[in-house]
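In what follows, a structure is listed as structure tokens, so that the remarks can point back to it.
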Amino acid sequence: SYSFCTLLISSKATNMATEQQMMGWFGAIDKDRSGFLDGKELQEALRQAGLNFSLMTAGMLMRLFDPAKQNKISFDQFKNLFAWIGQKQAGFVHFDADRSGNLSRPEVYNAVNHVFALRMDQPAFESAFSAYDPDKSGTMSYTEFVAFCAYIEHCSRTFRSFDGQNCGSVTLNMSQFIFAASQCK
């Protein structure tokens, strides 16, 4: 179900009414009135938007917009997160050719390569897809796709941090590999 997200995303959180709605929603979720959402609060906000993510996935989404690594996001970061989710929603809807509400393996492959402007080879894609297809159905729901995209985004950012020459190739020692892998979850 994308209804609440569609409302927020269709206006790209730029018009004042939507920003006020989001601010009210953010304030209602921010139980401790800190001006930030922690992982559990973000998980609740996502749940209210019809996106039922585990705490681990909510944390992974939060880290995309928490550059200071404080394990919390501000209202502006929250808006940016929902704009990012909106972009993934647009990709999901566009590539859901049969309008089933799920993306098949080939649809996910095309969507990810389009959304991230990358060409992932088939073995890498199959490994990543399998990790984000928990029921092994060969399809992804909207929430599975958003989680998968967050994973790919973290992988891309982590890879770029090691690819200083922007050549598309890196060499890592074991410590660097463990660090890089841990940044993707």
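Residue numbering restarts at 1 in every chain; chains get A, B, ... in the order shown in the structure tokens, and ligands count up from 1 in that same order.
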
Please tabulate, as CSV, the residues of segment 12-127 of chain A that come within 10 Å of segment 147-171 of chain A, each with its closest pair of atoms and the distance in Å to one decimal, counting only C-alpha atoms and ordering rows by chain, then residue number upward.
```
residue,atom,partner,partner_atom,distance
A:Phe53,CA,A:Ala147,CA,8.1
A:Ser54,CA,A:Ala147,CA,9.8
A:Met56,CA,A:Ala147,CA,10.0
A:Thr57,CA,A:Ala147,CA,6.4
A:Ala58,CA,A:Ala147,CA,8.6
A:Met60,CA,A:Ala150,CA,6.9
A:Leu61,CA,A:Ala150,CA,6.2
A:Met62,CA,A:Ala150,CA,9.6
A:Arg63,CA,A:His154,CA,8.8
A:Leu64,CA,A:His154,CA,7.2
A:Trp84,CA,A:Ala150,CA,9.6
A:Ile85,CA,A:Ala150,CA,9.3
A:Lys88,CA,A:Cys149,CA,7.5
A:Val108,CA,A:Phe148,CA,9.5
A:Ala111,CA,A:Cys149,CA,9.7
A:Val112,CA,A:Cys149,CA,7.2
A:Val115,CA,A:Cys149,CA,8.8
A:Phe116,CA,A:Glu153,CA,7.9
A:Leu118,CA,A:Ser156,CA,9.5
```

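Closest approach to Leu81 of chain A among A:Leu46, A:Leu103, A:Pro134, A:Asn113 is made by A:Leu46 (distances from only C-alpha atoms).
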
So which bits of segment 48-165 of chain A end up helix (DSSP H, G or I) when you DSSP the backbone, as a ChimeraX atom specification?
/A:48,55-64,75-95,105-115,122-131,142-162

Distance in Å - atom CA of Ala124 of chain A versus atom CA of Cys184 of chain A:
14.3 Å
